[in-house]
Amino acid sequence: MARKTTPARKSARKAKGAPAAFTRDEEFAALRTMLLVRRFEEKAGQLYGMGKVGGFCHLYIGQEAVVTGMFMARDPEDDVVTSYRCHGHTLVSGADPKAVMAELTGREAGVSYGKGGSMHMFNPSGHFWGGHGIVGAQVPIGTGLAFANRYRGNGKAALVFFGEGAANQGQVYESFNMAAIWKLPVVYIIENNRYAMGTAVTRSAARPEELFMRGAAFGIPGEQVDGMDVRAVKAAGERALAHVRAGKGPYVLEMQTYRYRGHSMSDPAKYRSREEVQKMRQEHDPIEQVKTRLLEAGQATPEELKAVDAEVRKVVSEAAEFATSTPEPPAEALWTDIYADENTARGEG
Amino acid sequence: MADTILMPALSPTMEHGKLAKWLVKEGDAVSPGDVIAEIETDKATMEVESDNGGVVVKLLAPEGAENVPVNAPIAIIAEEGEDVDADALARAAKPAEAPKPAEAAKTQAAPEHSMPEPASSAASADDAARPAASFVAAASSISAPASDGLADPALNLSITPPPETDPVLPPDVEYAGMTVREALRDAMAEEMRRDERVFLMGEEVAQYQGAYKVSQGLLEEFGETRVVDTPITEYGFTGLGVGAAFAGLRPIVEFMTFNFAMQAIDHIVNSAAKTLYMSGGEPNVPIVFRGANGAAARVAAQHSQDYSAWYAQVPGLKVIAPHSAADAKGLLKAAIRDPGPVVFLENELLYGHSFPVPKVENYVLPIGRARIVRAGDDVTIVSFSRGMEHALKGADLLAEEGVSAEVIDLRSLRPMDIPAIIESVKKTNRLVTVEEGWPVCSIGAEIARRVTQEAFDWLDAPVLTVTGRDVPMPYAANLEQLALPGPEDVAQAARRVLYRQGG
Ligand SMILES: Cc1ncc(C[n+]2csc(CCOP(=O)(O)OP(=O)(O)O)c2C)c(N)n1
């Protein structure tokens with residue numbers, strides 16, 4: 001059998017060459033989504049600075065192309081799970097920006113009723129299953145979502161997002177093994193933003209330059225992807241999803257990306273230079289890439305691009321307005337949602 | 001030499017078996033490993049092999065024999081050409097009185113066998129015979145507890161408070177204002193200077209200087225070998241720390257917060273706490289597990305748990321949860337010097353608080369002794385870690401009402417200084433406990449159990465436990481505030497045990 005004799009190393013690859021071009025509509029869709037996440041996160045950071053958001057607040061700025069491209073590739077029914085760095089995933093899964101922002105301010109109208117906050121957002125109707133605070137924990141959970149999909153034979157896949165820091169947790173490899181032996185329809189997306197808090201990937205990972213090989217021992221194919229290029233992300237996502245849906249088992253995508261802000265709002269980020277960050281922003285920004293392509297191809301005027309930005313800013317400032325004026329949960333909410341009740345559980349289905 | 005084959009025990013519960021089938025007959029030659037019989041147990045049919053081979057001299061149990069007791073001789077196999085008196089052998093091989101499994105289990109579970117040998121077995125036999133009420137007399141003196149800090153089988157405890165008290169400081173001792181964060185850092189630095197085997201590892205402890213800056217400056221002083229940044233692999237690095245401790249190093253394992261130690265609790269409990277016992281005394285596991293425990297601010301359910309009661313339950317661990325900087329320093333130094341595993345629970349919200357710390361060399365405090373932080377007569381309030389803030393502020397509120405509260409800081413949760421609490425209750429006859437953790441099976445519940453069992457007659461009211469609410473920590477600011485206890489809850493509980501108005 002060919003598969004058996006093909007070493008995983010051969011099926012793993014680093015992406016080369018430019019990915020397939022987007023249509024104008026796709027470029028605009030990607031631009032709108034990435035801008036929504038960017039502006040939303042900027043606003044969240046401002047609200048944090050004003051004391052309207054508490055606790056830990058991990059912004060997704062810089063990584064927008066990963067979630068955007070993967071969601072363009074996914075079927076809307078596919079399940080998604082991620083870490084505490086979850087605002088973008090929640091938004092792109094279709095949650096109302098007002099409800100996402102209201103979660104950040106701890107209000108009753110928040111996606112998690114104000115009880116979860118920045119790190120614990122859920123949107124079950126968008127097949128988004130959280131928002132997990134324990135590094136690596138979402139990996140077996142996402143593998144379980146895939147298990148349920150295979151169990152039901154519904155053709156759906158699961159997308160499991162986690163950081164390169166999380167990629168060192170043991171439960172990741174326990175998951176890889178199970179997913180491989182049971183050929184589960186799961187795509188593991190390593191969001192390699194180069195730093196786990198203050199620890200550079202080169203200090204935390206063996207073979208840091210090839211995290212996409214992390215499934216090799218289990219025969220899981222992997223690809224390294226330019227996670228700053230939304231087209232590359234989407235194309236890789238489509239390949240991975242086709243693979244897992246065909247019953248061939250899991251797939252690893254290493255997204256090479258970058259976070260512009262500190263790990264969380266309270267991180268002074270002294271472990272890297274300003275120049276490094278600036279260079280990334282100037283040369284690889286996922287949003288600027290789309291804008292430049294649209295302009296250079298004559299597919300958009302600067303005015304059209306500004307209009308998209310204005311539209312997104314409006315959505316975001318309305319969300320912030322809402323999130324700071326809508327009420328906190330009632331005191332009784334302290335005691336609800338601890339045990340499930342067929343009649344009262346929210347978010348059924 | 002002839003071999004007598006005995007009816008084998010084929011499961012831990014097997015007492016009898018059926019000799020289902022002989023696969024050899026007398027006079028047959030067998031080779032080592034040949035199957036000679038099939039035995040049926042209540043669970044399965046098993047094969048019996050000859051270990052050494054030889055000639056089957058005699059089959060002592062007939063095929064089909066039921067209820068052949070374990071250890072009864074069933075066959076005799078001799079070396080080729082050996083002359084044996086099979087009957088004599090069979091007689092000689094009368095089965096030894098095998099203990100019935102049920103009985104054996106009972107013996108093992110009897111308390112006198114499950115406890116470490118007490119220092120004076122005569123005294124402990126006495127203790128065991130004494131009625132529970134006499135524990136009060138035995139265990140109540142704060143200056144000299146009855147026990148020696150070892151097991152007290154009479155109380156069914158493997159560790160009790162040590163006899164040592166806090167060191168007596170010179171009368172002219174100076175104090176330095178110091179944050180809990182600095183005190184912890186100094187304790188580690190001093191111990192690392194003193195003992196080369198001590199090293200620190202954890203996430204962000206080195207280059208980042210600690211996620212909460214507790215290890216500030218240690219990398220610069222001690223270098224990468226002794227201040228080690230780990231990947232985010234709690235289960236792995238905790239187990240690795242235990243292995244290093246087996247090998248005689250003295251690891252300090254920092255958890256960024258104890259919420260993440262839940263990934264590693266298997267090694268803390270199964271590998272660190274139990275090894276000395278299950279190895280019969282070697283290796284010991286000199287390791288400290290430390291980090292922020294309990295609720296910080298607005299970090300929601302997965303980052304806000306108090307694990308005090310979890311660890312305090314485990315025999316083999318010592319557990320410390322200090323409030324002040326001086327206690328943090330003296331007890332962390334003691335933890336690092338301890339020959340066994342110590343769980344050291346810090347609190348993020350206390351790191352920045354300043355307290356006077358005595359400027360003395362070698363400030364080491366005994367693990368397991370409480371401290372009276374504020375003397376009073378009307379009600380005893382016991383707490384630890386951040387709960388002390390609520391306790392002390394609650395005592396202030398009570399003072400305004402003319403109530404004098406005695407506030408005790410437990411400092412250590414295992415061993416727990418129940419004698420100190422009882423001593424105070426003898427004076428106040430009323431007891432309130434305060435903690436931020438959940439109410440069910442809490443530290444307060446344990447104190448209430450001990451005090452009602454050992455000092456019931458001294459109580460004029462039920463022991464009340466002020467705790468966090470029995471819910472995961474909510475994020476919303478208003479709900480979070482409702483979830484945690486505060487000074488007013490403490491004052492209210494005190495009023496209730498005093499049967500005062502508004503209580
Ligand atoms: C089990 C566990 N250990 C430690 C932490 C604290 N912590 C939160 S995020 C983080 C870094 C994670 O980095 P990475 O997985 O690369 O994801 P990123 O934050 O870069 O998205 C750490 C150490 C945690 N939440 N859970």
# chains A, B, ... in the order shown; residues from 1 in each chain; ligands from 1
$ interface_residues --of "chain B" --to "chain A" --cutoff "8 Å" --atoms "only C-alpha atoms" --output "ChimeraX atom specification"
/B:204,207-208,230-236,260,297-303,471-472,474-479,482-483
$ residues_around --residues "Asp186 of chain B" --least-positions-apart "2" --cutoff "10 Å" --atoms "only C-alpha atoms" --output "ChimeraX atom specification"
/B:180-184,188-192,214-216,218,329,332-333
$ closest_residue --among "B:Glu480, B:Glu435, B:Asp377, B:Glu254" --to "ligand 1" --atoms "only C-alpha atoms and all ligand atoms"
B:Glu254
$ closest_residue --among "B:Ala321, B:Glu361, B:Val440, B:Gly248" --to "Asp409 of chain B" --atoms "only C-alpha atoms"
B:Ala321
$ residues_around --residues "segment 91-98 of chain A" --least-positions-apart "6" --cutoff "7 Å" --atoms "only C-alpha atoms" --output "PDB file with all heavy atoms, in the first residue's frame"
ATOM      1  N   ASN A 123     -19.858  29.986  21.264  1.00  0.00           N
ATOM      2  CA  ASN A 123     -20.935  30.314  20.330  1.00  0.00           C
ATOM      3  C   ASN A 123     -21.416  29.019  19.687  1.00  0.00           C
ATOM      4  O   ASN A 123     -21.105  28.723  18.529  1.00  0.00           O
ATOM      5  CB  ASN A 123     -20.434  31.300  19.269  1.00  0.00           C
ATOM      6  CG  ASN A 123     -21.521  31.663  18.271  1.00  0.00           C
ATOM      7  OD1 ASN A 123     -22.712  31.560  18.581  1.00  0.00           O
ATOM      8  ND2 ASN A 123     -21.131  32.063  17.068  1.00  0.00           N
ATOM      9  N   GLY A 126     -22.750  28.793  16.211  1.00  0.00           N
ATOM     10  CA  GLY A 126     -21.753  28.907  15.163  1.00  0.00           C
ATOM     11  C   GLY A 126     -20.750  27.766  15.209  1.00  0.00           C
ATOM     12  O   GLY A 126     -19.675  27.836  14.631  1.00  0.00           O
ATOM     13  N   PHE A 128     -18.877  26.905  17.536  1.00  0.00           N
ATOM     14  CA  PHE A 128     -17.634  27.315  18.197  1.00  0.00           C
ATOM     15  C   PHE A 128     -17.738  26.946  19.679  1.00  0.00           C
ATOM     16  O   PHE A 128     -18.607  27.445  20.399  1.00  0.00           O
ATOM     17  CB  PHE A 128     -17.389  28.813  18.026  1.00  0.00           C
ATOM     18  CG  PHE A 128     -16.203  29.296  18.805  1.00  0.00           C
ATOM     19  CD1 PHE A 128     -14.935  28.764  18.546  1.00  0.00           C
ATOM     20  CD2 PHE A 128     -16.336  30.241  19.810  1.00  0.00           C
ATOM     21  CE1 PHE A 128     -13.836  29.181  19.280  1.00  0.00           C
ATOM     22  CE2 PHE A 128     -15.236  30.665  20.543  1.00  0.00           C
ATOM     23  CZ  PHE A 128     -13.986  30.123  20.276  1.00  0.00           C
ATOM     24  N   ALA A 319     -20.697  48.297  19.156  1.00  0.00           N
ATOM     25  CA  ALA A 319     -20.531  47.178  20.097  1.00  0.00           C
ATOM     26  C   ALA A 319     -20.014  47.685  21.438  1.00  0.00           C
ATOM     27  O   ALA A 319     -20.490  47.294  22.506  1.00  0.00           O
ATOM     28  CB  ALA A 319     -19.577  46.126  19.513  1.00  0.00           C
ATOM     29  N   PHE A 322     -22.682  49.562  23.270  1.00  0.00           N
ATOM     30  CA  PHE A 322     -23.627  48.604  23.864  1.00  0.00           C
ATOM     31  C   PHE A 322     -23.022  47.938  25.105  1.00  0.00           C
ATOM     32  O   PHE A 322     -23.652  47.852  26.161  1.00  0.00           O
ATOM     33  CB  PHE A 322     -23.981  47.546  22.808  1.00  0.00           C
ATOM     34  CG  PHE A 322     -24.834  46.420  23.336  1.00  0.00           C
ATOM     35  CD1 PHE A 322     -26.205  46.594  23.518  1.00  0.00           C
ATOM     36  CD2 PHE A 322     -24.267  45.192  23.651  1.00  0.00           C
ATOM     37  CE1 PHE A 322     -26.988  45.560  24.011  1.00  0.00           C
ATOM     38  CE2 PHE A 322     -25.041  44.153  24.145  1.00  0.00           C
ATOM     39  CZ  PHE A 322     -26.410  44.337  24.324  1.00  0.00           C
ATOM     40  N   ALA A 323     -21.784  47.504  24.947  1.00  0.00           N
ATOM     41  CA  ALA A 323     -21.160  46.686  25.995  1.00  0.00           C
ATOM     42  C   ALA A 323     -20.922  47.466  27.279  1.00  0.00           C
ATOM     43  O   ALA A 323     -20.821  46.889  28.352  1.00  0.00           O
ATOM     44  CB  ALA A 323     -19.839  46.119  25.493  1.00  0.00           C
TER      45      ALA A 323
END
$ atom_distance --atom1 "atom CA of Leu498 of chain B" --atom2 "atom CA of Ile422 of chain B"
17.3 Å
$ select_by_dssp --residues "segment 162-199 of chain B" --states "strand (DSSP E)" --output "ChimeraX atom specification"
/B:175-179,198-199
$ write_last_selection --atoms "all heavy atoms" --output "PDB file, in the first residue's frame"
ATOM      1  N   TYR B 175      13.438  45.428  61.780  1.00  0.00           N
ATOM      2  CA  TYR B 175      12.532  44.904  60.755  1.00  0.00           C
ATOM      3  C   TYR B 175      12.691  45.706  59.477  1.00  0.00           C
ATOM      4  O   TYR B 175      12.951  46.900  59.509  1.00  0.00           O
ATOM      5  CB  TYR B 175      11.079  44.996  61.239  1.00  0.00           C
ATOM      6  CG  TYR B 175      10.755  43.981  62.313  1.00  0.00           C
ATOM      7  CD1 TYR B 175      11.036  44.233  63.648  1.00  0.00           C
ATOM      8  CD2 TYR B 175      10.160  42.763  61.975  1.00  0.00           C
ATOM      9  CE1 TYR B 175      10.751  43.301  64.637  1.00  0.00           C
ATOM     10  CE2 TYR B 175       9.864  41.830  62.954  1.00  0.00           C
ATOM     11  CZ  TYR B 175      10.166  42.097  64.277  1.00  0.00           C
ATOM     12  OH  TYR B 175       9.871  41.169  65.227  1.00  0.00           O
ATOM     13  N   ALA B 176      12.516  45.040  58.370  1.00  0.00           N
ATOM     14  CA  ALA B 176      12.527  45.742  57.092  1.00  0.00           C
ATOM     15  C   ALA B 176      11.145  45.589  56.477  1.00  0.00           C
ATOM     16  O   ALA B 176      10.570  44.506  56.505  1.00  0.00           O
ATOM     17  CB  ALA B 176      13.572  45.127  56.169  1.00  0.00           C
ATOM     18  N   GLY B 177      10.612  46.664  55.942  1.00  0.00           N
ATOM     19  CA  GLY B 177       9.354  46.565  55.200  1.00  0.00           C
ATOM     20  C   GLY B 177       9.632  45.829  53.909  1.00  0.00           C
ATOM     21  O   GLY B 177      10.586  46.142  53.205  1.00  0.00           O
ATOM     22  N   MET B 178       8.842  44.826  53.620  1.00  0.00           N
ATOM     23  CA  MET B 178       9.150  43.995  52.464  1.00  0.00           C
ATOM     24  C   MET B 178       7.850  43.429  51.908  1.00  0.00           C
ATOM     25  O   MET B 178       6.944  43.097  52.664  1.00  0.00           O
ATOM     26  CB  MET B 178      10.041  42.845  52.947  1.00  0.00           C
ATOM     27  CG  MET B 178      10.669  42.037  51.855  1.00  0.00           C
ATOM     28  SD  MET B 178      11.691  40.733  52.587  1.00  0.00           S
ATOM     29  CE  MET B 178      13.242  41.578  52.687  1.00  0.00           C
ATOM     30  N   THR B 179       7.750  43.339  50.586  1.00  0.00           N
ATOM     31  CA  THR B 179       6.541  42.727  50.020  1.00  0.00           C
ATOM     32  C   THR B 179       6.656  41.205  50.108  1.00  0.00           C
ATOM     33  O   THR B 179       7.756  40.652  50.248  1.00  0.00           O
ATOM     34  CB  THR B 179       6.350  43.103  48.540  1.00  0.00           C
ATOM     35  OG1 THR B 179       7.476  42.607  47.808  1.00  0.00           O
ATOM     36  CG2 THR B 179       6.235  44.617  48.353  1.00  0.00           C
ATOM     37  N   VAL B 198      19.730  23.097  45.541  1.00  0.00           N
ATOM     38  CA  VAL B 198      18.442  23.773  45.337  1.00  0.00           C
ATOM     39  C   VAL B 198      18.429  24.469  43.978  1.00  0.00           C
ATOM     40  O   VAL B 198      19.353  25.221  43.647  1.00  0.00           O
ATOM     41  CB  VAL B 198      18.197  24.814  46.452  1.00  0.00           C
ATOM     42  CG1 VAL B 198      16.871  25.533  46.227  1.00  0.00           C
ATOM     43  CG2 VAL B 198      18.223  24.138  47.823  1.00  0.00           C
ATOM     44  N   PHE B 199      17.401  24.196  43.196  1.00  0.00           N
ATOM     45  CA  PHE B 199      17.243  24.929  41.934  1.00  0.00           C
ATOM     46  C   PHE B 199      15.774  25.227  41.706  1.00  0.00           C
ATOM     47  O   PHE B 199      14.896  24.616  42.313  1.00  0.00           O
ATOM     48  CB  PHE B 199      17.855  24.153  40.756  1.00  0.00           C
ATOM     49  CG  PHE B 199      17.090  22.912  40.354  1.00  0.00           C
ATOM     50  CD1 PHE B 199      16.195  22.946  39.286  1.00  0.00           C
ATOM     51  CD2 PHE B 199      17.246  21.713  41.034  1.00  0.00           C
ATOM     52  CE1 PHE B 199      15.497  21.797  38.901  1.00  0.00           C
ATOM     53  CE2 PHE B 199      16.542  20.568  40.661  1.00  0.00           C
ATOM     54  CZ  PHE B 199      15.669  20.608  39.585  1.00  0.00           C
TER      55      PHE B 199
END
$ atom_distance --atom1 "atom CA of Glu488 of chain B" --atom2 "atom CA of Arg371 of chain B"
22.8 Å
$ select_by_dssp --residues "segment 136-279 of chain B" --states "helix (DSSP H, G or I)" --output "PyMOL selection string"
chain B and resi 136-139+153-155+180-194+218-222+234-246+258-261+265-273+275-278
$ closest_residue --among "A:Arg150, A:Arg39, A:Arg261, A:Arg24" --to "ligand 1" --atoms "only C-alpha atoms and all ligand atoms"
A:Arg261
$ closest_residue --among "B:Gln481, B:Asn259, B:Ser304, B:Thr452" --to "ligand 1" --atoms "only C-alpha atoms and all ligand atoms"
B:Asn259
$ residues_around --residues "Glu401 of chain B" --least-positions-apart "2" --cutoff "12 Å" --atoms "only C-alpha atoms" --output "list of chain:residue names"
B:Asp378, B:Gly394, B:Ala395, B:Asp396, B:Leu397, B:Leu398, B:Ala399, B:Val403, B:Ser404, B:Ala405, B:Ala491, B:Gln492, B:Ala494, B:Arg495, B:Arg500, B:Gln501, B:Gly502
$ write_last_selection --atoms "N, CA, C and O atoms" --output "CSV table (one decimal), in the first residue's frame"
chain,number,residue,atom,x,y,z
B,378,ASP,N,-13.7,37.3,72.8
B,378,ASP,CA,-15.1,36.9,72.6
B,378,ASP,C,-15.3,35.9,71.6
B,378,ASP,O,-16.3,35.1,71.6
B,394,GLY,N,-12.7,42.0,59.3
B,394,GLY,CA,-13.9,41.6,60.0
B,394,GLY,C,-13.8,41.8,61.5
B,394,GLY,O,-14.7,42.3,62.2
B,395,ALA,N,-12.5,41.6,62.0
B,395,ALA,CA,-12.3,41.8,63.5
B,395,ALA,C,-12.4,43.3,63.8
B,395,ALA,O,-12.8,43.7,64.8
B,396,ASP,N,-11.9,44.1,62.8
B,396,ASP,CA,-12.0,45.6,63.0
B,396,ASP,C,-13.5,46.0,63.1
B,396,ASP,O,-13.9,46.8,63.9
B,397,LEU,N,-14.3,45.4,62.2
B,397,LEU,CA,-15.7,45.8,62.2
B,397,LEU,C,-16.3,45.4,63.6
B,397,LEU,O,-17.1,46.1,64.2
B,398,LEU,N,-15.9,44.2,64.0
B,398,LEU,CA,-16.5,43.7,65.3
B,398,LEU,C,-16.0,44.6,66.5
B,398,LEU,O,-16.8,44.9,67.4
B,399,ALA,N,-14.8,45.1,66.4
B,399,ALA,CA,-14.2,45.9,67.5
B,399,ALA,C,-15.1,47.2,67.6
B,399,ALA,O,-15.4,47.6,68.7
B,403,VAL,N,-16.9,44.0,70.2
B,403,VAL,CA,-16.6,42.6,70.2
B,403,VAL,C,-15.1,42.4,70.0
B,403,VAL,O,-14.5,42.9,69.1
B,404,SER,N,-14.5,41.6,70.9
B,404,SER,CA,-13.1,41.4,70.9
B,404,SER,C,-12.8,40.0,70.2
B,404,SER,O,-13.1,39.0,70.8
B,405,ALA,N,-12.3,40.1,69.0
B,405,ALA,CA,-12.0,38.8,68.3
B,405,ALA,C,-10.6,38.4,68.4
B,405,ALA,O,-9.7,39.3,68.2
B,491,ALA,N,-17.8,39.3,60.0
B,491,ALA,CA,-18.4,39.9,61.1
B,491,ALA,C,-19.8,39.3,61.4
B,491,ALA,O,-20.2,39.0,62.5
B,492,GLN,N,-20.5,39.1,60.3
B,492,GLN,CA,-21.8,38.5,60.4
B,492,GLN,C,-21.8,37.1,61.1
B,492,GLN,O,-22.6,36.8,62.0
B,494,ALA,N,-19.5,36.0,63.1
B,494,ALA,CA,-19.1,36.2,64.5
B,494,ALA,C,-20.4,36.6,65.3
B,494,ALA,O,-20.6,36.1,66.4
B,495,ARG,N,-21.1,37.5,64.7
B,495,ARG,CA,-22.4,37.9,65.5
B,495,ARG,C,-23.3,36.7,65.7
B,495,ARG,O,-23.9,36.6,66.7
B,500,ARG,N,-25.7,37.6,68.7
B,500,ARG,CA,-25.9,39.1,68.9
B,500,ARG,C,-26.9,39.6,67.9
B,500,ARG,O,-27.1,38.9,66.8
B,501,GLN,N,-27.5,40.7,68.2
B,501,GLN,CA,-28.4,41.3,67.2
B,501,GLN,C,-27.8,41.5,65.9
B,501,GLN,O,-26.6,41.9,65.8
B,502,GLY,N,-28.6,41.3,64.9
B,502,GLY,CA,-28.1,41.5,63.5
B,502,GLY,C,-27.3,40.3,63.1
B,502,GLY,O,-26.8,40.2,61.9
$ atom_distance --atom1 "atom CA of Val277 of chain A" --atom2 "atom CA of Thr301 of chain A"
28.5 Å
$ residues_around --residues "Glu15 of chain B" --least-positions-apart "2" --cutoff "7 Å" --atoms "only C-alpha atoms" --output "list in words"
Thr13, Pro69 and Val70 of chain B
$ closest_residue --among "B:Val319, B:Val285, B:Met262, B:Val314" --to "Pro339 of chain B" --atoms "only C-alpha atoms"
B:Val285
$ closest_residue --among "B:Pro341, B:Pro439, B:Pro358, B:Gly486" --to "Arg386 of chain B" --atoms "only C-alpha atoms"
B:Gly486
$ decode --residues "segment 211-234 of chain B" --atoms "N, CA and C atoms" --output "PDB file, in the first residue's frame"
ATOM      1  N   ALA B 211       6.504  35.135  35.962  1.00  0.00           N
ATOM      2  CA  ALA B 211       5.263  35.704  35.433  1.00  0.00           C
ATOM      3  C   ALA B 211       4.716  36.748  36.397  1.00  0.00           C
ATOM      4  N   TYR B 212       4.944  36.543  37.700  1.00  0.00           N
ATOM      5  CA  TYR B 212       4.544  37.540  38.694  1.00  0.00           C
ATOM      6  C   TYR B 212       5.761  38.141  39.376  1.00  0.00           C
ATOM      7  N   LYS B 213       6.896  38.007  38.712  1.00  0.00           N
ATOM      8  CA  LYS B 213       8.154  38.649  39.153  1.00  0.00           C
ATOM      9  C   LYS B 213       8.649  38.148  40.510  1.00  0.00           C
ATOM     10  N   VAL B 214       8.261  36.958  40.877  1.00  0.00           N
ATOM     11  CA  VAL B 214       8.732  36.432  42.161  1.00  0.00           C
ATOM     12  C   VAL B 214      10.203  36.017  42.058  1.00  0.00           C
ATOM     13  N   SER B 215      10.622  35.590  40.887  1.00  0.00           N
ATOM     14  CA  SER B 215      12.004  35.110  40.755  1.00  0.00           C
ATOM     15  C   SER B 215      12.943  36.182  40.208  1.00  0.00           C
ATOM     16  N   GLN B 216      12.539  37.418  40.345  1.00  0.00           N
ATOM     17  CA  GLN B 216      13.339  38.535  39.849  1.00  0.00           C
ATOM     18  C   GLN B 216      14.794  38.448  40.322  1.00  0.00           C
ATOM     19  N   GLY B 217      15.694  38.501  39.360  1.00  0.00           N
ATOM     20  CA  GLY B 217      17.118  38.555  39.705  1.00  0.00           C
ATOM     21  C   GLY B 217      17.773  37.197  39.920  1.00  0.00           C
ATOM     22  N   LEU B 218      16.996  36.139  40.011  1.00  0.00           N
ATOM     23  CA  LEU B 218      17.614  34.847  40.331  1.00  0.00           C
ATOM     24  C   LEU B 218      18.444  34.306  39.173  1.00  0.00           C
ATOM     25  N   LEU B 219      17.974  34.495  37.954  1.00  0.00           N
ATOM     26  CA  LEU B 219      18.754  34.014  36.804  1.00  0.00           C
ATOM     27  C   LEU B 219      20.128  34.686  36.797  1.00  0.00           C
ATOM     28  N   GLU B 220      20.134  35.997  37.044  1.00  0.00           N
ATOM     29  CA  GLU B 220      21.390  36.735  37.008  1.00  0.00           C
ATOM     30  C   GLU B 220      22.343  36.203  38.077  1.00  0.00           C
ATOM     31  N   GLU B 221      21.827  35.913  39.252  1.00  0.00           N
ATOM     32  CA  GLU B 221      22.720  35.457  40.314  1.00  0.00           C
ATOM     33  C   GLU B 221      23.129  33.994  40.161  1.00  0.00           C
ATOM     34  N   PHE B 222      22.196  33.147  39.757  1.00  0.00           N
ATOM     35  CA  PHE B 222      22.491  31.710  39.837  1.00  0.00           C
ATOM     36  C   PHE B 222      22.690  31.020  38.481  1.00  0.00           C
ATOM     37  N   GLY B 223      22.354  31.725  37.405  1.00  0.00           N
ATOM     38  CA  GLY B 223      22.626  31.159  36.085  1.00  0.00           C
ATOM     39  C   GLY B 223      21.585  30.148  35.627  1.00  0.00           C
ATOM     40  N   GLU B 224      21.734  29.773  34.371  1.00  0.00           N
ATOM     41  CA  GLU B 224      20.716  28.949  33.705  1.00  0.00           C
ATOM     42  C   GLU B 224      20.593  27.541  34.246  1.00  0.00           C
ATOM     43  N   THR B 225      21.690  27.047  34.832  1.00  0.00           N
ATOM     44  CA  THR B 225      21.613  25.674  35.325  1.00  0.00           C
ATOM     45  C   THR B 225      20.664  25.580  36.508  1.00  0.00           C
ATOM     46  N   ARG B 226      20.604  26.659  37.276  1.00  0.00           N
ATOM     47  CA  ARG B 226      19.827  26.586  38.524  1.00  0.00           C
ATOM     48  C   ARG B 226      18.527  27.368  38.466  1.00  0.00           C
ATOM     49  N   VAL B 227      18.339  28.126  37.403  1.00  0.00           N
ATOM     50  CA  VAL B 227      17.066  28.838  37.228  1.00  0.00           C
ATOM     51  C   VAL B 227      16.605  28.487  35.814  1.00  0.00           C
ATOM     52  N   VAL B 228      15.647  27.594  35.739  1.00  0.00           N
ATOM     53  CA  VAL B 228      15.392  26.909  34.474  1.00  0.00           C
ATOM     54  C   VAL B 228      14.007  27.241  33.932  1.00  0.00           C
ATOM     55  N   ASP B 229      13.980  27.843  32.750  1.00  0.00           N
ATOM     56  CA  ASP B 229      12.719  28.057  32.043  1.00  0.00           C
ATOM     57  C   ASP B 229      12.265  26.739  31.427  1.00  0.00           C
ATOM     58  N   THR B 230      11.024  26.372  31.657  1.00  0.00           N
ATOM     59  CA  THR B 230      10.511  25.139  31.056  1.00  0.00           C
ATOM     60  C   THR B 230       9.528  25.484  29.953  1.00  0.00           C
ATOM     61  N   PRO B 231       9.308  24.547  29.051  1.00  0.00           N
ATOM     62  CA  PRO B 231       8.160  24.702  28.148  1.00  0.00           C
ATOM     63  C   PRO B 231       6.856  24.595  28.964  1.00  0.00           C
ATOM     64  N   ILE B 232       5.736  24.841  28.329  1.00  0.00           N
ATOM     65  CA  ILE B 232       4.444  24.742  29.028  1.00  0.00           C
ATOM     66  C   ILE B 232       4.056  23.262  29.060  1.00  0.00           C
ATOM     67  N   THR B 233       4.654  22.557  29.983  1.00  0.00           N
ATOM     68  CA  THR B 233       4.437  21.111  30.038  1.00  0.00           C
ATOM     69  C   THR B 233       4.424  20.700  31.500  1.00  0.00           C
ATOM     70  N   GLU B 234       3.383  21.125  32.203  1.00  0.00           N
ATOM     71  CA  GLU B 234       3.351  20.951  33.654  1.00  0.00           C
ATOM     72  C   GLU B 234       3.491  19.502  34.082  1.00  0.00           C
TER      73      GLU B 234
END
